[in-house]
Structures are given as structure tokens and as C-alpha cells.
$ cat target_34.csv   # CSV, C-alpha atoms
chain,number,residue,atom,x,y,z
G,1,MET,CA,-26.3,2.6,-26.3
G,2,ALA,CA,-23.4,0.1,-26.0
G,3,VAL,CA,-19.9,0.7,-27.2
G,4,THR,CA,-19.2,-0.9,-30.6
G,5,HIS,CA,-16.1,-1.9,-32.4
G,6,ASP,CA,-16.7,0.9,-34.8
G,7,ASP,CA,-16.7,3.3,-31.9
G,8,ILE,CA,-13.2,2.0,-30.9
G,9,VAL,CA,-11.9,2.3,-34.4
G,10,ALA,CA,-13.1,5.8,-34.6
G,11,ALA,CA,-11.5,6.6,-31.2
G,12,ALA,CA,-8.2,5.2,-32.5
G,13,ALA,CA,-8.3,7.6,-35.4
G,14,ARG,CA,-9.3,10.5,-33.2
G,15,ILE,CA,-6.5,10.1,-30.6
G,16,ALA,CA,-3.8,9.0,-33.0
G,17,ASP,CA,-2.0,12.3,-33.0
G,18,GLY,CA,-2.2,12.8,-29.2
G,19,VAL,CA,-1.5,9.4,-27.7
G,20,ALA,CA,1.5,7.1,-28.1
G,21,ARG,CA,1.1,3.8,-29.9
G,22,THR,CA,2.7,1.7,-27.2
G,23,PRO,CA,4.7,-1.5,-28.1
G,24,SER,CA,3.8,-5.1,-27.3
G,25,VAL,CA,7.0,-6.8,-26.5
G,26,GLN,CA,7.7,-10.6,-26.3
G,27,ALA,CA,8.9,-11.8,-22.9
G,28,GLY,CA,10.4,-15.2,-23.7
G,29,ALA,CA,12.2,-15.8,-20.4
G,30,LEU,CA,9.1,-14.9,-18.4
G,31,ALA,CA,6.9,-17.0,-20.6
G,32,ALA,CA,9.1,-20.1,-20.0
G,33,ARG,CA,9.2,-19.4,-16.3
G,34,LEU,CA,5.4,-19.2,-16.2
G,35,GLY,CA,4.7,-22.2,-18.4
G,36,LEU,CA,3.2,-20.3,-21.3
G,37,ALA,CA,3.6,-20.9,-25.1
G,38,SER,CA,4.3,-17.1,-25.4
G,39,LEU,CA,3.8,-13.9,-23.5
G,40,ALA,CA,3.3,-10.4,-25.0
G,41,LEU,CA,3.5,-7.4,-22.7
G,42,LYS,CA,1.6,-4.3,-23.7
G,43,LEU,CA,3.6,-1.4,-22.4
G,44,GLU,CA,1.0,1.1,-21.4
G,45,THR,CA,3.6,2.2,-19.0
G,46,LEU,CA,5.2,4.3,-21.8
G,47,HIS,CA,2.5,6.9,-22.2
G,48,ARG,CA,3.5,10.5,-21.3
G,49,THR,CA,1.6,10.2,-18.0
G,50,GLY,CA,2.6,6.6,-17.3
G,51,SER,CA,-0.7,4.7,-17.9
G,52,PHE,CA,-3.4,3.7,-20.4
G,53,LYS,CA,-5.8,6.3,-19.1
G,54,GLU,CA,-4.7,8.8,-21.7
G,55,ARG,CA,-6.6,6.9,-24.4
G,56,GLY,CA,-10.0,7.3,-22.9
G,57,ALA,CA,-9.3,10.8,-21.4
G,58,LEU,CA,-8.3,12.3,-24.7
G,59,ASN,CA,-11.2,10.6,-26.6
G,60,ARG,CA,-13.6,12.1,-24.1
G,61,LEU,CA,-12.1,15.6,-24.1
G,62,LEU,CA,-12.1,15.7,-27.9
G,63,ALA,CA,-15.9,15.0,-27.7
G,64,LEU,CA,-16.6,18.2,-25.6
G,65,SER,CA,-18.6,21.0,-27.2
G,66,GLU,CA,-17.0,24.5,-27.4
G,67,ALA,CA,-19.1,25.7,-24.4
G,68,GLU,CA,-18.1,22.7,-22.3
G,69,ARG,CA,-14.4,23.3,-23.1
G,70,ARG,CA,-14.7,26.9,-22.0
G,71,SER,CA,-16.4,26.0,-18.7
G,72,GLY,CA,-13.9,23.3,-17.9
G,73,VAL,CA,-14.0,19.7,-16.7
G,74,ILE,CA,-13.8,17.9,-13.4
G,75,THR,CA,-12.9,14.3,-12.6
G,76,MET,CA,-12.4,12.0,-9.7
G,77,SER,CA,-9.4,9.6,-9.7
G,78,ALA,CA,-6.9,7.7,-7.6
G,79,GLY,CA,-4.1,9.1,-9.8
G,80,ASN,CA,-3.7,7.8,-13.4
G,81,HIS,CA,-6.9,9.1,-14.9
G,82,ALA,CA,-6.3,12.3,-13.0
G,83,GLN,CA,-2.9,12.7,-14.7
G,84,ALA,CA,-4.3,11.9,-18.1
G,85,VAL,CA,-7.1,14.4,-17.9
G,86,ALA,CA,-4.8,17.1,-16.4
G,87,TYR,CA,-2.2,16.6,-19.1
G,88,HIS,CA,-4.5,16.5,-22.1
G,89,ALA,CA,-6.8,19.2,-20.8
G,90,HIS,CA,-3.8,21.5,-20.4
G,91,ARG,CA,-2.6,20.6,-23.9
G,92,LEU,CA,-6.0,21.5,-25.3
G,93,GLY,CA,-6.5,24.6,-23.2
G,94,ILE,CA,-9.4,23.2,-21.1
G,95,PRO,CA,-9.5,24.1,-17.4
G,96,ALA,CA,-9.4,21.0,-15.3
G,97,THR,CA,-10.2,20.2,-11.6
G,98,VAL,CA,-9.3,16.8,-10.1
G,99,VAL,CA,-10.7,15.3,-6.9
G,100,MET,CA,-8.5,12.6,-5.4
G,101,PRO,CA,-8.8,10.4,-2.3
G,102,ALA,CA,-6.8,11.7,0.6
G,103,ALA,CA,-4.5,8.6,0.7
G,104,THR,CA,-3.5,8.9,-3.0
G,105,PRO,CA,0.3,8.3,-3.4
G,106,ASN,CA,2.3,11.5,-3.3
G,107,ALA,CA,3.9,10.8,-6.7
G,108,LYS,CA,0.5,10.8,-8.4
G,109,VAL,CA,-0.7,14.0,-6.6
G,110,MET,CA,2.4,15.9,-7.5
G,111,ARG,CA,2.4,14.8,-11.2
G,112,THR,CA,-1.3,15.7,-11.6
G,113,ARG,CA,-0.6,19.2,-10.2
G,114,ALA,CA,2.5,19.5,-12.5
G,115,HIS,CA,0.3,18.9,-15.5
G,116,GLY,CA,-1.7,22.0,-14.6
G,117,ALA,CA,-4.9,20.8,-12.9
G,118,ALA,CA,-6.4,22.1,-9.7
G,119,VAL,CA,-6.1,19.2,-7.3
G,120,MET,CA,-8.4,18.6,-4.3
G,121,LEU,CA,-7.9,15.8,-1.8
G,122,HIS,CA,-11.2,14.6,-0.5
G,123,GLY,CA,-12.5,11.4,1.2
G,124,GLU,CA,-11.1,8.0,1.9
G,125,THR,CA,-12.2,6.2,-1.3
G,126,LEU,CA,-12.8,7.0,-4.9
G,127,SER,CA,-16.5,6.9,-4.3
G,128,ASP,CA,-16.1,9.7,-1.7
G,129,SER,CA,-14.1,11.7,-4.2
G,130,ALA,CA,-16.8,11.1,-6.9
G,131,GLU,CA,-19.6,12.4,-4.7
G,132,HIS,CA,-17.6,15.6,-4.0
G,133,ALA,CA,-16.8,16.0,-7.7
G,134,ARG,CA,-20.5,15.7,-8.7
G,135,ALA,CA,-21.4,18.4,-6.2
G,136,LEU,CA,-18.7,20.7,-7.5
G,137,ALA,CA,-19.8,20.0,-11.1
G,138,ALA,CA,-23.3,21.0,-10.4
G,139,GLU,CA,-22.2,24.1,-8.4
G,140,ARG,CA,-19.7,25.4,-11.0
G,141,GLY,CA,-21.2,24.1,-14.3
G,142,LEU,CA,-18.3,21.7,-15.0
G,143,THR,CA,-18.4,18.7,-17.2
G,144,ILE,CA,-17.6,15.4,-15.5
G,145,VAL,CA,-15.0,13.2,-17.2
G,146,HIS,CA,-15.8,9.9,-15.5
G,147,PRO,CA,-12.8,7.5,-15.1
G,148,TYR,CA,-14.6,4.5,-16.5
G,149,ASP,CA,-18.5,4.7,-16.6
G,150,ASP,CA,-18.6,6.6,-19.9
G,151,ASP,CA,-18.9,5.3,-23.5
G,152,ALA,CA,-16.2,7.6,-24.9
G,153,ILE,CA,-13.8,6.5,-22.1
G,154,ILE,CA,-14.5,2.9,-22.8
G,155,ALA,CA,-14.0,3.3,-26.5
G,156,GLY,CA,-10.7,5.1,-26.0
G,157,GLN,CA,-9.4,2.4,-23.7
G,158,GLY,CA,-10.3,-0.3,-26.2
G,159,THR,CA,-7.8,1.0,-28.7
G,160,ALA,CA,-5.1,-0.7,-26.6
G,161,ALA,CA,-6.5,-4.1,-27.7
G,162,ILE,CA,-6.6,-3.2,-31.3
G,163,GLU,CA,-2.9,-2.3,-31.2
G,164,MET,CA,-2.0,-5.4,-29.3
G,165,ILE,CA,-3.8,-7.9,-31.5
G,166,ASP,CA,-2.3,-6.2,-34.6
G,167,ASP,CA,1.2,-6.5,-33.1
G,168,ALA,CA,0.8,-10.1,-31.8
G,169,PRO,CA,-1.8,-11.9,-33.9
G,170,ILE,CA,-0.9,-15.3,-32.4
G,171,LEU,CA,-2.5,-14.3,-29.0
G,172,ASP,CA,-5.4,-16.5,-27.8
G,173,THR,CA,-5.8,-14.9,-24.3
G,174,LEU,CA,-5.8,-11.4,-23.0
G,175,VAL,CA,-5.3,-10.8,-19.2
G,176,ILE,CA,-6.4,-7.3,-18.1
G,177,PRO,CA,-6.7,-5.6,-14.7
G,178,VAL,CA,-10.1,-4.6,-13.5
G,179,GLY,CA,-10.9,-1.5,-11.4
G,180,GLY,CA,-13.9,0.4,-12.6
G,181,GLY,CA,-13.9,-1.7,-15.8
G,182,GLY,CA,-13.3,0.7,-18.6
G,183,LEU,CA,-10.1,-0.9,-19.9
G,184,ILE,CA,-11.3,-4.5,-19.9
G,185,ALA,CA,-14.7,-3.5,-21.4
G,186,GLY,CA,-13.2,-1.6,-24.3
G,187,CYS,CA,-10.6,-4.3,-24.9
G,188,ALA,CA,-13.2,-7.1,-24.7
G,189,VAL,CA,-15.4,-5.4,-27.4
G,190,ALA,CA,-12.3,-5.0,-29.7
G,191,ALA,CA,-11.1,-8.6,-29.0
G,192,HIS,CA,-14.6,-10.1,-29.7
G,193,ALA,CA,-14.8,-8.3,-33.0
G,194,LEU,CA,-11.2,-9.0,-34.2
G,195,ARG,CA,-10.7,-12.5,-32.7
G,196,PRO,CA,-14.1,-14.0,-31.8
G,197,GLY,CA,-12.6,-17.0,-30.0
G,198,MET,CA,-10.1,-15.0,-27.9
G,199,ARG,CA,-10.4,-15.4,-24.2
G,200,VAL,CA,-10.5,-12.2,-22.2
G,201,ILE,CA,-9.8,-12.6,-18.5
G,202,GLY,CA,-10.0,-9.9,-15.8
G,203,VAL,CA,-8.0,-9.6,-12.6
G,204,GLU,CA,-8.9,-7.9,-9.3
G,205,VAL,CA,-7.0,-7.8,-6.1
G,206,GLU,CA,-8.3,-9.2,-2.8
G,207,GLY,CA,-10.5,-6.8,-0.9
G,208,TRP,CA,-11.5,-4.9,-4.1
G,209,THR,CA,-13.5,-7.5,-6.0
G,210,ALA,CA,-16.6,-5.6,-7.0
G,211,CYS,CA,-16.8,-7.1,-10.5
G,212,ALA,CA,-16.2,-10.7,-9.4
G,213,GLN,CA,-18.8,-10.3,-6.6
G,214,ARG,CA,-21.4,-8.9,-9.0
G,215,LEU,CA,-20.7,-11.6,-11.6
G,216,ALA,CA,-21.3,-14.2,-8.8
G,217,GLY,CA,-24.6,-12.4,-7.8
G,218,GLU,CA,-23.2,-11.5,-4.4
G,219,PRO,CA,-23.6,-8.3,-2.4
G,220,VAL,CA,-20.6,-6.0,-3.1
G,221,GLN,CA,-18.3,-5.5,-0.2
G,222,THR,CA,-14.9,-3.9,-0.7
G,223,GLY,CA,-12.1,-2.3,1.3
G,224,GLY,CA,-8.6,-2.6,2.8
G,225,ALA,CA,-5.1,-1.4,2.1
G,226,THR,CA,-3.5,-2.5,-1.2
G,227,ILE,CA,-0.5,-1.6,-3.3
G,228,ALA,CA,-2.8,-1.9,-6.3
G,229,GLU,CA,-4.6,1.3,-5.5
G,230,GLY,CA,-5.2,1.9,-9.2
G,231,ILE,CA,-7.8,-0.9,-9.3
G,232,ALA,CA,-9.1,-0.4,-5.7
G,233,VAL,CA,-12.5,0.8,-6.8
G,234,ARG,CA,-15.6,0.3,-4.7
G,235,ASP,CA,-18.1,-0.2,-7.6
G,236,ILE,CA,-17.8,-1.5,-11.1
G,237,GLY,CA,-19.2,0.9,-13.7
G,238,GLU,CA,-22.6,0.0,-15.0
G,239,ARG,CA,-21.6,0.5,-18.7
G,240,PRO,CA,-18.4,-1.6,-18.4
G,241,PHE,CA,-20.2,-4.3,-16.3
G,242,ALA,CA,-22.8,-4.8,-19.1
G,243,ILE,CA,-20.0,-5.5,-21.5
G,244,ILE,CA,-18.0,-7.6,-19.1
G,245,ARG,CA,-21.0,-9.8,-18.5
G,246,ASP,CA,-21.3,-10.6,-22.2
G,247,HIS,CA,-17.7,-10.6,-23.4
G,248,VAL,CA,-15.3,-11.5,-20.5
G,249,GLU,CA,-14.8,-15.2,-19.7
G,250,ARG,CA,-14.1,-14.7,-16.0
G,251,VAL,CA,-12.6,-12.3,-13.4
G,252,LEU,CA,-9.8,-13.7,-11.2
G,253,VAL,CA,-8.9,-12.6,-7.8
G,254,VAL,CA,-5.3,-12.4,-6.7
G,255,PRO,CA,-3.8,-11.8,-3.2
G,256,GLU,CA,-1.7,-8.7,-2.3
G,257,ARG,CA,1.4,-10.8,-2.0
G,258,ALA,CA,1.1,-12.0,-5.6
G,259,ILE,CA,0.9,-8.4,-6.8
G,260,GLU,CA,4.2,-7.7,-5.0
G,261,GLU,CA,5.8,-10.8,-6.4
G,262,ALA,CA,4.7,-9.8,-9.9
G,263,ILE,CA,6.2,-6.3,-9.6
G,264,GLY,CA,9.5,-7.9,-8.6
G,265,LEU,CA,9.3,-10.5,-11.3
G,266,LEU,CA,8.8,-7.8,-14.0
G,267,VAL,CA,11.7,-5.8,-12.7
G,268,GLU,CA,14.1,-8.8,-12.6
G,269,GLU,CA,13.0,-10.8,-15.6
G,270,ALA,CA,11.7,-8.2,-18.0
G,271,LYS,CA,13.5,-5.0,-16.7
G,272,ILE,CA,10.1,-3.2,-16.6
G,273,VAL,CA,8.7,-1.1,-13.7
G,274,THR,CA,5.0,-1.2,-13.0
G,275,GLU,CA,2.7,0.0,-10.3
G,276,GLY,CA,0.6,-2.5,-8.4
G,277,ALA,CA,-2.4,-2.4,-10.7
G,278,GLY,CA,0.0,-2.7,-13.7
G,279,ALA,CA,1.4,-6.0,-12.4
G,280,ALA,CA,-2.0,-7.5,-11.7
G,281,GLY,CA,-2.1,-9.5,-14.9
G,282,ILE,CA,1.3,-11.1,-14.1
G,283,ALA,CA,0.0,-11.9,-10.6
G,284,ALA,CA,-2.9,-13.8,-12.2
G,285,LEU,CA,-0.4,-15.9,-14.2
G,286,LEU,CA,1.4,-16.7,-11.0
G,287,VAL,CA,-1.6,-17.6,-8.9
G,288,HIS,CA,-3.7,-19.5,-11.6
G,289,PRO,CA,-1.0,-21.2,-13.8
G,290,ALA,CA,-3.3,-24.1,-14.9
G,291,LEU,CA,-5.6,-21.6,-16.7
G,292,PHE,CA,-2.8,-20.3,-18.9
G,293,ALA,CA,-0.6,-23.3,-19.4
G,294,GLN,CA,0.9,-23.3,-22.9
G,295,ARG,CA,-1.4,-20.5,-24.0
G,296,HIS,CA,-0.3,-17.5,-26.1
G,297,VAL,CA,-1.1,-14.8,-23.6
G,298,GLY,CA,-1.2,-11.0,-23.8
G,299,VAL,CA,-1.0,-9.0,-20.6
G,300,ILE,CA,-1.7,-5.3,-20.5
G,301,LEU,CA,0.7,-3.6,-18.1
G,302,CYS,CA,-1.6,-0.7,-17.5
G,303,GLY,CA,0.5,1.7,-15.4
G,304,ALA,CA,4.0,2.6,-14.1
G,305,ASN,CA,3.2,5.2,-11.5
G,306,ILE,CA,4.6,3.7,-8.3
G,307,ASP,CA,6.3,5.7,-5.5
G,308,THR,CA,10.0,4.9,-5.5
G,309,ARG,CA,10.0,4.2,-1.8
G,310,ILE,CA,7.2,1.7,-2.2
G,311,LEU,CA,9.0,0.1,-5.1
G,312,ALA,CA,12.2,-0.2,-3.1
G,313,ASN,CA,10.3,-1.9,-0.2
G,314,VAL,CA,8.6,-4.3,-2.6
G,315,LEU,CA,11.9,-5.3,-4.1
G,316,LEU,CA,13.5,-5.8,-0.7
G,317,ARG,CA,10.5,-7.9,0.5
G,318,ASP,CA,10.9,-10.0,-2.6
G,319,LEU,CA,14.5,-10.7,-1.7
G,320,VAL,CA,13.4,-11.8,1.8
G,321,ARG,CA,10.7,-14.1,0.3
G,322,ASP,CA,13.2,-15.7,-2.0
G,323,GLY,CA,15.7,-16.3,0.8
G,324,ARG,CA,18.2,-13.8,-0.7
G,325,LEU,CA,18.1,-11.6,2.4
G,326,LEU,CA,18.4,-13.3,5.8
G,327,ARG,CA,17.9,-11.8,9.3
G,328,LEU,CA,19.8,-13.8,11.9
G,329,ALA,CA,20.1,-13.5,15.7
G,330,VAL,CA,23.4,-15.0,16.8
G,331,ASP,CA,24.2,-15.6,20.5
G,332,ILE,CA,27.9,-14.9,21.2
G,333,ALA,CA,30.3,-14.7,24.2
G,334,ASP,CA,31.0,-11.0,25.0
G,335,ARG,CA,34.7,-11.1,24.5
G,336,PRO,CA,37.2,-9.6,21.9
G,337,GLY,CA,37.4,-11.3,18.5
G,338,VAL,CA,34.0,-13.1,18.5
G,339,LEU,CA,32.4,-10.6,16.1
G,340,ALA,CA,35.3,-11.0,13.7
G,341,ASP,CA,34.9,-14.8,13.9
G,342,VAL,CA,31.2,-14.6,13.0
G,343,ALA,CA,31.9,-12.2,10.1
G,344,GLY,CA,34.7,-14.4,8.9
G,345,ARG,CA,32.6,-17.5,8.8
G,346,ILE,CA,29.8,-15.8,7.0
G,347,ALA,CA,32.4,-14.5,4.4
G,348,GLN,CA,33.9,-17.9,4.0
G,349,ALA,CA,30.4,-19.3,3.2
G,350,GLY,CA,30.0,-16.6,0.5
G,351,GLY,CA,27.6,-14.4,2.5
G,352,ASN,CA,27.6,-10.7,2.6
G,353,ILE,CA,26.7,-8.8,5.8
G,354,ILE,CA,24.8,-5.7,5.0
G,355,ASP,CA,23.6,-4.7,8.5
G,356,VAL,CA,24.7,-5.6,12.0
G,357,ALA,CA,23.5,-4.6,15.5
G,358,HIS,CA,25.4,-5.7,18.6
G,359,GLN,CA,23.0,-6.1,21.6
G,360,ARG,CA,24.4,-6.4,25.1
G,361,LEU,CA,21.5,-4.9,27.2
G,362,PHE,CA,18.2,-5.9,25.7
G,363,ALA,CA,18.6,-9.4,24.2
G,364,ALA,CA,21.4,-11.1,25.9
G,365,PRO,CA,20.5,-13.7,28.6
G,366,SER,CA,23.7,-13.1,30.6
G,367,VAL,CA,26.1,-10.2,31.3
G,368,ARG,CA,28.8,-12.3,29.7
G,369,THR,CA,27.0,-12.8,26.5
G,370,ALA,CA,25.6,-10.6,23.6
G,371,GLU,CA,23.4,-11.0,20.6
G,372,LEU,CA,24.2,-10.1,17.1
G,373,ASP,CA,21.3,-9.1,14.9
G,374,LEU,CA,22.5,-9.5,11.3
G,375,VAL,CA,21.1,-9.0,7.9
G,376,VAL,CA,22.9,-11.2,5.4
G,377,GLU,CA,22.8,-11.3,1.6
G,378,ALA,CA,22.7,-14.8,0.0
G,379,ARG,CA,22.5,-16.0,-3.6
G,380,ASP,CA,19.3,-18.0,-2.9
G,381,ALA,CA,17.5,-20.0,-0.2
G,382,ALA,CA,19.9,-23.0,-0.5
G,383,HIS,CA,22.9,-20.7,-0.1
G,384,GLY,CA,21.2,-19.1,2.9
G,385,ALA,CA,20.9,-22.6,4.5
G,386,GLU,CA,24.7,-23.1,3.9
G,387,ILE,CA,25.5,-19.9,5.7
G,388,LEU,CA,23.3,-21.0,8.7
G,389,ALA,CA,25.1,-24.4,8.7
G,390,ALA,CA,28.5,-22.7,8.7
G,391,LEU,CA,27.6,-20.7,11.9
G,392,GLU,CA,25.9,-23.6,13.6
G,393,GLY,CA,28.9,-25.9,12.8
G,394,ALA,CA,31.1,-23.5,14.7
G,395,ALA,CA,28.9,-23.9,17.8
G,396,PHE,CA,27.1,-20.6,17.5
G,397,ARG,CA,23.4,-20.5,18.5
G,398,VAL,CA,21.6,-19.0,15.5
G,399,LYS,CA,18.0,-18.1,15.1
G,400,ARG,CA,16.5,-17.0,11.8
G,401,LEU,CA,14.2,-14.0,12.4

$ encode --input "target_34.csv" --output "C-alpha cells"
Amino acid sequence: MAVTHDDIVAAAARIADGVARTPSVQAGALAARLGLASLALKLETLHRTGSFKERGALNRLLALSEAERRSGVITMSAGNHAQAVAYHAHRLGIPATVVMPAATPNAKVMRTRAHGAAVMLHGETLSDSAEHARALAAERGLTIVHPYDDDAIIAGQGTAAIEMIDDAPILDTLVIPVGGGGLIAGCAVAAHALRPGMRVIGVEVEGWTACAQRLAGEPVQTGGATIAEGIAVRDIGERPFAIIRDHVERVLVVPERAIEEAIGLLVEEAKIVTEGAGAAGIAALLVHPALFAQRHVGVILCGANIDTRILANVLLRDLVRDGRLLRLAVDIADRPGVLADVAGRIAQAGGNIIDVAHQRLFAAPSVRTAELDLVVEARDAAHGAEILAALEGAAFRVKRL
């Protein structure tokens, strides 16, 4: 039986005391930059465990019988659903086991364990973890709390759209990340009931496009490394897919680079930290601007659980792409004072040297020369060109690496 709007309304009442009602904030500067009439960001990043997954997890756990509660639950997850189940199961006194892919980011593994669940790392993909979880469930008499292919999960996730439409009634488009499909399915049902003309658009990352492939009638092939591991799901859920087919306008595909750019844009323009999957909606606005021009768009930022090291690397790579970090190789004569001359000219041009290596043995063409490997901070790409010109004007041979 398909999930209905009444199911979502009932879920909203059921979970109200256990899950935060997250805000939808207007991002005016970001909307102007992206060519939108308005942009509302649904901050699912503010849940206790950092993602929307708490909605569906709690709704499903509250539906367990007393016998199922005593026996305990098991789930498979790349991280966010795992944390949600672990947190709310612990809060409700329900034993929980979580099976996670071996490559799950450390932050998500540690947080899941901290919430009291027994964590097992098994397999390369979520599908591998799911197979192992099903075997353990049969062996130990545990109830499976599926991440997305479950009506109670779908109904719980749909409560996000009810809140967002209530907070921002002007919206005409919702943009929602797609992994297993539970979030977009629930939100699409709610949007269709509350705003029949509203566009609901999904987003997948390249390499993990199970939903887009199935909608196109193509064989599903997925795989590859991605920063958006939260939506790197091999198969779309059958229950969500039936809803998506009827209620979702289209599912867009964005490249990995756009996900990274979106993470950086949210940090710089909106001061919001998201994980890769959480930034997928913004990535869609960057890659497909014509679809959203002058629309009133709502984007669900579905999670914030990103490793700090990965976040730091993404932000630095963003600076490189924007031309605000330059790596230069400068050929110099190997004599006193030349290094100071180069540094002085960069300083006069307004650049800031943040790293320098002085190579005499491995890069220099002559024993009387050396190579400087510099990382220089600039204001923007145009300023970087000015710094290069200042060095070249002083007869230094400069190569941008």
C-alpha cells in the first residue's frame, strides 16, 4: 500500500516530541548569485545526529511491537541512517546493531558507536552491508529498519516537506538529493498534496545514478569514488521508485566537481557546513541554471556529517579552482638575495607566500640555477595574473603548476 499524505501527517505528530523542527532560511545572496527569484534552505543539518534520517528512523522505531523492541533492530547504512537509528534506539531502550560499508568515513562510524549501537563494518557497498544485515536478522531474530525501502521511513522523511512548505509558502520548486529515494518520495507525496503544481526535482551524483537510469529504462550500473557517499546507493528502493515515477518531474545528474563547488559555496556564501550529499541540491542549481532561473526554489540540505579533513581539502581545492591559490615554479640564479627579490616582488603585487620549496638538485637545469616551488595566495584569478606579470616583468621564468 502506497504512502499517503495522511501517513505523513500522522508521522509528523508521532515524532514531534523526538525530532527537531528544523528551520528553512532564506539565502538572498546565494539566490542572486544563482539567478533565482528566491532560495530557501531547509537545514536538516541541525538534527541531533546531523541529518534528516532521524525523521524516518524514529517513525519506524515507534511502530515496533513490544516483542520487536525487546529483540532489537538491525540496519544497514553508510552513516546517517545508522546514527539516527542508533541514537533513537538508545533513547527508547531498544538494542541496535548497524552494518556499515568498510569505507564509511570515520566520523560517521565513531558517532554511530557513540550513540550506543553495535557497529559492524562489512562489504564495499551498501548492498553488501544489506545482505549481511539480512543474514544476521534471520539468525538473531532482529527487526530490519531499512534506510529507505519502508513505508514508515518514507512517511517520516516526508515531514521535512510539510515543514518547508509551511515555512516558505512561496516555493514553486523543491530540489532534493536522491540515494535510496526515501526522502524525495516522502517529500514528493507531501508536496503533491499541499501544492499540486509544485515541481519536485531529484539530484544524483555521477557514478551513482540508479534512479535516473531506471526512469530512462536503462540497465542500472553504478560505482566509483564520491564525496557524496550518503547518496552513493546501488539500487533505488522499490517503494520510493513507485512514488518518484508518479510525483517527481525529473532526476538530474551532477558531476563530482559540482558537489565540491557546492560545499564551498555554502560555506562561503551561507556560512553552512554540509556533507557531499547535503550539497547535491546546490550542485544541481550550479550545473542546470536554466531549469531554475527566476524560480522560488527550496533545497533540502540533508546532512552535515563530513570529515573535517575532507572539508578542509574541499575548501582548499575550491581556492585553487577560483584562482585564489597559485602554485608557481620560478627559475632563479643560485646566488644570494634572489629569493628575497622574488618574495619582495610578490609582496609588492599584493600576494602572500604561504609555502616555499627551494630546489637545487632535482629541478634546476644548471648547477648555477635553482627552482622555487611557491604556493601564493591571491584575491582572485585576475589578481593572480597580476602576480605572474610582476615576476615575468622582472625577467624571471615562471611556470604555473

$ closest_residue --input "target_34.csv" --among "G:Gly186, G:Gly179, G:Glu371, G:Ser129" --to "Ala210 in chain G" --atoms "all atoms listed in the file"
G:Gly179

$ atom_distance --input "target_34.csv" --atom1 "CA of Ala395 in chain G" --atom2 "CA of Ile353 in chain G"
19.4 Å

$ residues_around --input "target_34.csv" --residues "Gly276 in chain G" --least-positions-apart "3" --cutoff "8 Å" --atoms "only C-alpha atoms" --output "list in words"
Ile227, Ala228, Glu229, Gly230, Ile259, Glu260, Ile263, Ala279, Ala280 and Ile306 of chain G

$ atom_distance --input "target_34.csv" --atom1 "CA of Gln213 in chain G" --atom2 "CA of Arg250 in chain G"
11.4 Å

$ closest_atom_pairs --input "target_34.csv" --of "range 298-323 of chain G" --to "range 137-160 of chain G" --cutoff "12 Å" --atoms "all atoms listed in the file" --output "Markdown table"
| residue | atom | partner | partner_atom | distance |
| --- | --- | --- | --- | --- |
| G:Gly298 | CA | G:Ala160 | CA | 11.4 |
| G:Val299 | CA | G:Ala160 | CA | 11.0 |
| G:Ile300 | CA | G:Ala160 | CA | 8.4 |
| G:Leu301 | CA | G:Ala160 | CA | 10.7 |
| G:Cys302 | CA | G:Ala160 | CA | 9.7 |

$ closest_atom_pairs --input "target_34.csv" --of "range 73-149 of chain G" --to "range 9-23 of chain G" --cutoff "12 Å" --atoms "all atoms listed in the file" --output "JSON lines"
{"residue": "G:Ala84", "atom": "CA", "partner": "G:Val19", "partner_atom": "CA", "distance": 10.3}
{"residue": "G:Tyr87", "atom": "CA", "partner": "G:Gly18", "partner_atom": "CA", "distance": 10.8}
{"residue": "G:His88", "atom": "CA", "partner": "G:Gly18", "partner_atom": "CA", "distance": 8.3}
{"residue": "G:Ala89", "atom": "CA", "partner": "G:Gly18", "partner_atom": "CA", "distance": 11.5}
{"residue": "G:Arg91", "atom": "CA", "partner": "G:Gly18", "partner_atom": "CA", "distance": 9.4}
{"residue": "G:Leu92", "atom": "CA", "partner": "G:Gly18", "partner_atom": "CA", "distance": 10.3}

$ residues_around --input "target_34.csv" --residues "Arg327 in chain G" --least-positions-apart "3" --cutoff "12 Å" --atoms "all atoms listed in the file" --output "list of chain:residue names"
G:Leu319, G:Val320, G:Arg321, G:Gly323, G:Arg324, G:Val330, G:Asn352, G:Ile353, G:Ile354, G:Asp355, G:Val356, G:Ala357, G:Leu372, G:Asp373, G:Leu374, G:Val375, G:Val376, G:Glu377, G:Ala378, G:Gly384, G:Ile387, G:Leu388, G:Val398, G:Lys399, G:Arg400, G:Leu401

$ closest_residue --input "target_34.csv" --among "G:Val175, G:Ala82, G:Ala382, G:Ile94" --to "Arg199 in chain G" --atoms "only C-alpha atoms"
G:Val175

$ residues_around --input "target_34.csv" --residues "Trp208 in chain G" --least-positions-apart "2" --cutoff "9 Å" --atoms "only C-alpha atoms" --output "ChimeraX atom specification"
/G:179,204-206,210-211,221-224,226,231-235,253
